[in-house]
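For reference, the structure discussed in these notes is given below.
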Protein chains: 4
Amino acid sequence: MKILLSYLRFTVLLFPLLAMQSDKPLRVIFFGDSITQAGVGQTGYITQLRAMLQDKGLGDQYELMGAGIGGNKVYDLYLRMDEDVLARKPDIVFIYVGINDVWHKATHGTGTDYDKFLKFYQAIIKKLQDNNIRPILCTPSVIGERTDYSNEQDGDLNRYANAIRVLADQHSLTLVDLRKDFQKYLEKHNKDNEEKGVLTRDRVHLTEAGDKFVAEEMMAGLLKK
Amino acid sequence: MKILLSYLRFTVLLFPLLAMQSDKPLRVIFFGDSITQAGVGQTGYITQLRAMLQDKGLGDQYELMGAGIGGNKVYDLYLRMDEDVLARKPDIVFIYVGINDVWHKATHGTGTDYDKFLKFYQAIIKKLQDNNIRPILCTPSVIGERTDYSNEQDGDLNRYANAIRVLADQHSLTLVDLRKDFQKYLEKHNKDNEEKGVLTRDRVHLTEAGDKFVAEEMMAGLLKK
Amino acid sequence: MKILLSYLRFTVLLFPLLAMQSDKPLRVIFFGDSITQAGVGQTGYITQLRAMLQDKGLGDQYELMGAGIGGNKVYDLYLRMDEDVLARKPDIVFIYVGINDVWHKATHGTGTDYDKFLKFYQAIIKKLQDNNIRPILCTPSVIGERTDYSNEQDGDLNRYANAIRVLADQHSLTLVDLRKDFQKYLEKHNKDNEEKGVLTRDRVHLTEAGDKFVAEEMMAGLLKK
Amino acid sequence: MKILLSYLRFTVLLFPLLAMQSDKPLRVIFFGDSITQAGVGQTGYITQLRAMLQDKGLGDQYELMGAGIGGNKVYDLYLRMDEDVLARKPDIVFIYVGINDVWHKATHGTGTDYDKFLKFYQAIIKKLQDNNIRPILCTPSVIGERTDYSNEQDGDLNRYANAIRVLADQHSLTLVDLRKDFQKYLEKHNKDNEEKGVLTRDRVHLTEAGDKFVAEEMMAGLLKK
């Protein structure tokens with residue numbers, strides 16, 4: 001009897017420790033558009049992030065997966081999230097979307113209305129949380145690297161980024177504020193106010209330096225809390 | 001004994017008939033945008049259709065419900081279909097969408113890309129069929145009533161309408177080809193090639209005559225097969 | 001002396017005739033966008049038209065010049081007409097514009113409003129006529145070759161083409177109704193309802209066959225009246 | 001004879017002075033869109049500016065005229081400048097345009113391309129200068145009063161405003177930098193980051209306070225140099 005009690009006590013004490021030392025790494029999905037699609041490439045931000053985690057000795061703790069498709073807007077993510085996200089049973093999902101929602105207004109007449117953007121974004125958050133998945137929100141980085149707020153879509157991007165910031169706050173979610181981070185970085189490193197060539201090669205898609213920068217910001221978000 | 005047999009035989013013969021005369025009416029939901037939202041108004045097409053069915057002695061067989069929201073595009077229907085359609089357990093759902101998907105390209109820069117339109121439309125059909133609900137597809141009526149194909153969005157609307165016709169064919173679904181029906185009607189009744197005032201009051205939203213016309217076309221679709 | 005008088009009389013009588021048979025050919029400028037810019041290329045419609053006129057023995061009577069610039073809309077023509085048209089003192093000017101005015105609405109958000117299109121078009125006609133230059137109007141050909149009115153911009157193009165038809169009528173000007181001509185030709189030669197590959201290589205810019213077809217239509221317009 | 005010479009010399013010396021003290025006031029035209037059209041209203045900026053000049057005792061020196069038409073973009077100004085500006089023989093012309101060039105991209109698909117905007121703007125400057133008229137350039141004020149650069153068109157407006165600043169500099173013209181002035185004012189007086197209600201009643205068109213503010217800025221520009 002005494003032995004049994006001892007054993008039980010031991011088990012109970014040990015239990016949280018065992019849970020934490022689980023062999024299974026956290027599965028992390030990056031859910032987004034063409035930037036994320038390229039993220040799994042040789043120098044893509046997901047690939048670079050994986051290497052960074054290994055360098056820190058955290059390689060075993062995270063399993064990183066890409067789920068980016070070019071041209072995707074927020075409702076495209078919603079439509080394919082069962083198949084491309086939930087079915088893969090992740091623990092954490094980075095939502096990195098919004099650029100096409102703004103950009104395609106000007107180039108195709110098929111952007112996303114602000115209120116609809118919010119609705120779908122919230123629906124994605126809800127569905128992830130209903131499945132016990134932790135969402136990490138990212139603001140859309142840039143369409144153009146000029147730092148004096150003279151890139152054509154700056155105003156609209158800022159507006160959608162603000163909305164994501166509010167959502168992160170309301171739901172107490174980790175925020176990777178790429179838009180703010182890019183602005184700060186570019187104020188230092190884009191002295192000639194060029195519209196591309198520093199973090200992006202074409203105003204939107206990342207250079208290797210851009211991928212590195214995003215990987216660092218993503219890591220900070222992942223390790224937070 | 002002979003009487004009993006007779007009675008039984010009579011009952012057996014009668015049975016299919018009784019089944020058809022089931023007490024429970026078929027629940028029909030009209031799923032769409034502002035035209036359908038107005039459809040439940042005093043002279044709206046759903047209201048008029050209900051009266052027409054009663055006149056035909058079919059009032060007990062169909063229960064009509066509106067599920068229209070102004071400004072809705074195909075992906076808005078998809079987002080809210082669990083709550084607004086599936087939860088109400090309909091037998092039949094009319095999908096009447098596409099006008100805003102085309103129109104908002106020009107007025108807000110937030111229309112729906114053709115390929116995305118198809119994807120969401122198919123997803124709606126699939127979800128209805130997975131729930132044993134019969135979809136009836138409608139082509140988008142008009143943005144402008146001119147009959148010489150000189151309404152600004154005619155080309156694009158025809159393209160989206162063609163896609164819906166193909167979907168109806170592929171899935172062997174009933175099609176209410178409003179776009180084609182409107183064109184035929186207007187060729188007869190819009191001799192001055194006016195852009196509004198016959199079936200619509202503002203190029204899109206229906207006059208009472210327009211609601212009557214849609215009600216008739218919907219009834220034909222409903223009673224088909 | 002008598003002989004001299006005779007000679008003089010003869011000359012005087014002959015003079016108007018000589019004037020009509022002037023050695024100086026009529027100078028014809030084609031004023032337009034990228035289609036006209038390509039029109040002076042090796043197989044361009046202006047080059048082909050020049051050859052056709054020579055085949056007909058009319059080579060000496062017409063001097064053809066191109067004045068097309070890619071991306072031009074009606075107001076671009078107006079802005080540069082002093083330099084690119086009036087300064088070259090033409091007798092006849094073909095105005096072939098409208099495609100970008102409609103197309104750029106969808107692709108750049110920078111098309112031309114219908115009423116503004118009319119205003120600038122009329123201003124161009126007026127300025128030409130004030131300078132004793134004969135304008136010949138052309139309707140915009142196509143953006144997409146499908147014949148069932150399902151090319152995205154068909155409705156809008158038809159609307160702008162209608163306006164040009166009315167202007168030609170109001171001002172009693174020769175009209176080369178390219179849009180109507182293309183439609184007729186394609187109904188015969190585009191049986192599979194393809195959106196490109198018959199008269200255009202990319203829905204807008206002409207194949208060699210397209211250039212030939214335009215050259216023929218332009219010749220008919222040039223020789224009319 | 002000596003007296004006569006003296007008199008002549010005196011006159012010659014006096015002449016420039018007399019010219020400057022001419023009885024004839026300087027004719028000033030405000031050339032623009034709906035904001036300028038409203039500028040001649042009871043509380044419009046032109047009306048308020050006239051009163052301000054009178055208060056300063058400068059009422060006799062300036063004759064102010066409005067030439068604003070709602071919906072005008074840069075090329076509309078160019079098209080009507082002979083009739084509405086040159087024919088009235090002004091000494092000074094304020095060019096206040098650009099809002100619709102940017103705004104109508106999103107609302108009608110008919111904004112003005114950046115490079116075309118520049119071309120027409122330069123053509124207006126040139127035509128004024130060729131007629132010995134002094135242009136004063138104004139940057140476009142605002143579409144939305146939020147101060148954190150989150151108004152939808154902020155980026156694009158900044159870009160077009162930058163272009164006007166460069167033009168003013170290149171041509172050594174007086175610049176009324178309304179956009180910068182508004183931003184500064186709003187940072188002080190729009191603490192809640194509202195998108196309208198301070199200097200505008202609807203994000204674009206001026207409140208009485210807005211008209212007063214513009215009048216003050218215009219006066220500073222007018223009296224400069």
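Following the order of the structure tokens, chains are lettered A, B, ..., residues in each are numbered from 1, and ligands are numbered from 1.
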So that I can see what lies close to Gly98 in chain A, please list as a PyMOL selection string the residues with an atom at most 8 Å from it, counting only C-alpha atoms and leaving out residues fewer than 4 positions away in the same chain. chain A and resi 73-74+102+139-140+157+160
Give me the residues near Leu128 in chain D as a count of residues only, where near means some atom within 9 Å (using only C-alpha atoms) and where sequence neighbours in that chain fewer than 6 positions away do not count. 6
Output as an NGL selection string the set of chain A residues within 6 Å of chain B, with distances taken over only C-alpha atoms. :A and (105 or 109-112)
Write a file of the just-selected residues containing all heavy atoms, as a compact mmCIF listing (two decimals), in the first residue's frame.
```txt
# COMPACT_ATOMS: atom_id res chain seq x y z
N LYS A 105 -6.50 45.20 -55.75
CA LYS A 105 -7.46 46.27 -56.06
C LYS A 105 -6.99 47.05 -57.28
O LYS A 105 -7.76 47.34 -58.18
CB LYS A 105 -7.57 47.23 -54.86
CG LYS A 105 -8.24 46.65 -53.65
CD LYS A 105 -8.40 47.74 -52.58
CE LYS A 105 -8.82 47.12 -51.24
NZ LYS A 105 -8.94 48.13 -50.17
N GLY A 109 -8.58 44.72 -59.97
CA GLY A 109 -9.92 45.06 -59.53
C GLY A 109 -10.54 43.99 -58.65
O GLY A 109 -11.75 43.91 -58.51
N THR A 110 -9.66 43.15 -58.07
CA THR A 110 -10.18 42.04 -57.28
C THR A 110 -9.52 41.94 -55.91
O THR A 110 -9.20 40.84 -55.44
CB THR A 110 -10.00 40.70 -58.03
OG1 THR A 110 -8.60 40.56 -58.36
CG2 THR A 110 -10.82 40.66 -59.30
N GLY A 111 -9.30 43.08 -55.28
CA GLY A 111 -8.84 43.07 -53.90
C GLY A 111 -9.97 42.68 -52.96
O GLY A 111 -11.05 42.29 -53.39
N THR A 112 -9.68 42.80 -51.66
CA THR A 112 -10.67 42.43 -50.65
C THR A 112 -11.13 43.65 -49.87
O THR A 112 -10.30 44.39 -49.35
CB THR A 112 -10.05 41.40 -49.67
OG1 THR A 112 -9.43 40.36 -50.41
CG2 THR A 112 -11.13 40.81 -48.76
```
Pairwise distance, CA of Glu145 in chain A with CA of Arg159 in chain D, equals 13.0 Å
Can you tell me which residues surround Asp181 in chain A at a distance of at most 9 Å, considering only C-alpha atoms, apart from same-chain residues fewer than 5 positions away, and format the answer as an MDAnalysis selection string? chainID A and resid 141 176 186 217
Got a sec: who's within 9 Å of Met219 in chain B, counting only C-alpha atoms, leaving out chain neighbours fewer than 5 positions off, as a ChimeraX atom specification? /B:49,52-53,214,224
Write down as a VMD selection string the residues of range 105-205 of chain A whose backbone DSSP state falls under alpha helix (DSSP H). chain A and resid 105 to 107 114 to 130 154 to 170 178 to 189
Can those selected residues be exported to a file as a CSV table (one decimal), in the first residue's frame so that it contains N, CA and C atoms?
```
chain,number,residue,atom,x,y,z
A,105,LYS,N,-6.5,45.2,-55.8
A,105,LYS,CA,-7.5,46.3,-56.1
A,105,LYS,C,-7.0,47.1,-57.3
A,106,ALA,N,-5.7,47.4,-57.3
A,106,ALA,CA,-5.2,48.3,-58.3
A,106,ALA,C,-4.8,47.5,-59.6
A,107,THR,N,-4.4,46.2,-59.5
A,107,THR,CA,-3.9,45.5,-60.6
A,107,THR,C,-4.9,44.6,-61.3
A,114,TYR,N,-12.3,46.0,-46.9
A,114,TYR,CA,-11.7,46.0,-45.6
A,114,TYR,C,-12.6,45.2,-44.6
A,115,ASP,N,-13.9,45.4,-44.7
A,115,ASP,CA,-14.8,44.6,-43.7
A,115,ASP,C,-14.8,43.1,-44.0
A,116,LYS,N,-14.7,42.8,-45.2
A,116,LYS,CA,-14.7,41.3,-45.6
A,116,LYS,C,-13.3,40.7,-45.1
A,117,PHE,N,-12.3,41.5,-45.3
A,117,PHE,CA,-10.9,41.0,-44.8
A,117,PHE,C,-11.0,40.7,-43.4
A,118,LEU,N,-11.6,41.6,-42.6
A,118,LEU,CA,-11.7,41.3,-41.1
A,118,LEU,C,-12.5,40.1,-40.8
A,119,LYS,N,-13.6,39.9,-41.5
A,119,LYS,CA,-14.5,38.8,-41.3
A,119,LYS,C,-13.8,37.5,-41.5
A,120,PHE,N,-13.1,37.4,-42.7
A,120,PHE,CA,-12.5,36.1,-43.0
A,120,PHE,C,-11.3,35.9,-42.1
A,121,TYR,N,-10.6,36.9,-41.7
A,121,TYR,CA,-9.4,36.8,-40.8
A,121,TYR,C,-9.9,36.3,-39.5
A,122,GLN,N,-11.0,36.8,-39.0
A,122,GLN,CA,-11.5,36.4,-37.7
A,122,GLN,C,-12.0,34.9,-37.8
A,123,ALA,N,-12.6,34.6,-38.9
A,123,ALA,CA,-13.1,33.2,-39.1
A,123,ALA,C,-11.9,32.2,-39.1
A,124,ILE,N,-10.8,32.6,-39.7
A,124,ILE,CA,-9.6,31.7,-39.6
A,124,ILE,C,-9.1,31.6,-38.2
A,125,ILE,N,-9.0,32.7,-37.5
A,125,ILE,CA,-8.5,32.6,-36.1
A,125,ILE,C,-9.5,31.7,-35.3
A,126,LYS,N,-10.8,31.9,-35.5
A,126,LYS,CA,-11.7,31.1,-34.7
A,126,LYS,C,-11.6,29.6,-35.0
A,127,LYS,N,-11.4,29.3,-36.2
A,127,LYS,CA,-11.4,27.9,-36.6
A,127,LYS,C,-10.1,27.2,-36.1
A,128,LEU,N,-9.0,28.0,-36.1
A,128,LEU,CA,-7.7,27.5,-35.5
A,128,LEU,C,-7.9,27.2,-34.0
A,129,GLN,N,-8.5,28.2,-33.4
A,129,GLN,CA,-8.6,28.1,-31.9
A,129,GLN,C,-9.6,27.0,-31.5
A,130,ASP,N,-10.6,26.8,-32.3
A,130,ASP,CA,-11.6,25.7,-32.1
A,130,ASP,C,-10.9,24.4,-32.2
A,154,ASP,N,0.7,52.2,-49.6
A,154,ASP,CA,1.0,52.4,-48.2
A,154,ASP,C,-0.1,52.7,-47.3
A,155,GLY,N,-1.0,53.6,-47.7
A,155,GLY,CA,-2.1,53.9,-46.8
A,155,GLY,C,-3.0,52.7,-46.6
A,156,ASP,N,-3.4,52.0,-47.6
A,156,ASP,CA,-4.3,50.9,-47.5
A,156,ASP,C,-3.6,49.8,-46.7
A,157,LEU,N,-2.4,49.5,-47.0
A,157,LEU,CA,-1.7,48.5,-46.2
A,157,LEU,C,-1.6,48.8,-44.7
A,158,ASN,N,-1.4,50.1,-44.4
A,158,ASN,CA,-1.3,50.5,-43.0
A,158,ASN,C,-2.7,50.2,-42.3
A,159,ARG,N,-3.7,50.5,-43.1
A,159,ARG,CA,-5.1,50.3,-42.6
A,159,ARG,C,-5.3,48.8,-42.3
A,160,TYR,N,-5.0,47.9,-43.2
A,160,TYR,CA,-5.2,46.5,-43.0
A,160,TYR,C,-4.2,46.0,-41.9
A,161,ALA,N,-3.0,46.6,-41.8
A,161,ALA,CA,-2.1,46.1,-40.8
A,161,ALA,C,-2.7,46.6,-39.4
A,162,ASN,N,-3.2,47.8,-39.3
A,162,ASN,CA,-3.8,48.2,-38.1
A,162,ASN,C,-4.9,47.2,-37.6
A,163,ALA,N,-5.7,46.8,-38.5
A,163,ALA,CA,-6.8,45.8,-38.2
A,163,ALA,C,-6.2,44.6,-37.6
A,164,ILE,N,-5.1,44.1,-38.2
A,164,ILE,CA,-4.5,42.8,-37.7
A,164,ILE,C,-3.9,43.1,-36.3
A,165,ARG,N,-3.4,44.3,-36.1
A,165,ARG,CA,-2.8,44.6,-34.7
A,165,ARG,C,-4.0,44.6,-33.7
A,166,VAL,N,-5.1,45.1,-34.1
A,166,VAL,CA,-6.3,45.1,-33.1
A,166,VAL,C,-6.7,43.7,-32.9
A,167,LEU,N,-6.8,42.9,-33.9
A,167,LEU,CA,-7.2,41.5,-33.7
A,167,LEU,C,-6.3,40.7,-32.8
A,168,ALA,N,-5.0,40.9,-32.9
A,168,ALA,CA,-4.0,40.3,-32.1
A,168,ALA,C,-4.2,40.7,-30.6
A,169,ASP,N,-4.5,42.0,-30.5
A,169,ASP,CA,-4.7,42.5,-29.1
A,169,ASP,C,-6.0,41.9,-28.5
A,170,GLN,N,-7.0,42.0,-29.3
A,170,GLN,CA,-8.3,41.5,-28.8
A,170,GLN,C,-8.3,40.0,-28.4
A,178,LEU,N,5.5,42.6,-39.0
A,178,LEU,CA,6.4,42.7,-40.1
A,178,LEU,C,6.4,44.1,-40.7
A,179,ARG,N,5.2,44.6,-40.9
A,179,ARG,CA,5.1,45.9,-41.5
A,179,ARG,C,5.9,47.0,-40.8
A,180,LYS,N,5.8,47.0,-39.5
A,180,LYS,CA,6.5,47.9,-38.6
A,180,LYS,C,8.0,47.6,-38.7
A,181,ASP,N,8.3,46.3,-38.6
A,181,ASP,CA,9.7,45.9,-38.6
A,181,ASP,C,10.4,46.3,-39.9
A,182,PHE,N,9.7,46.1,-41.0
A,182,PHE,CA,10.3,46.5,-42.3
A,182,PHE,C,10.5,48.0,-42.4
A,183,GLN,N,9.6,48.8,-41.9
A,183,GLN,CA,9.7,50.2,-42.0
A,183,GLN,C,10.9,50.7,-41.2
A,184,LYS,N,11.1,50.1,-40.0
A,184,LYS,CA,12.2,50.5,-39.2
A,184,LYS,C,13.5,50.1,-39.8
A,185,TYR,N,13.6,48.9,-40.3
A,185,TYR,CA,14.8,48.4,-41.0
A,185,TYR,C,15.1,49.3,-42.2
A,186,LEU,N,14.1,49.6,-43.0
A,186,LEU,CA,14.4,50.3,-44.2
A,186,LEU,C,14.7,51.8,-44.0
A,187,GLU,N,14.2,52.3,-42.9
A,187,GLU,CA,14.6,53.7,-42.6
A,187,GLU,C,16.2,53.8,-42.3
A,188,LYS,N,16.7,52.7,-41.9
A,188,LYS,CA,18.2,52.6,-41.7
A,188,LYS,C,18.9,52.3,-42.9
A,189,HIS,N,18.4,51.3,-43.6
A,189,HIS,CA,19.2,50.7,-44.7
A,189,HIS,C,18.7,51.1,-46.1
```
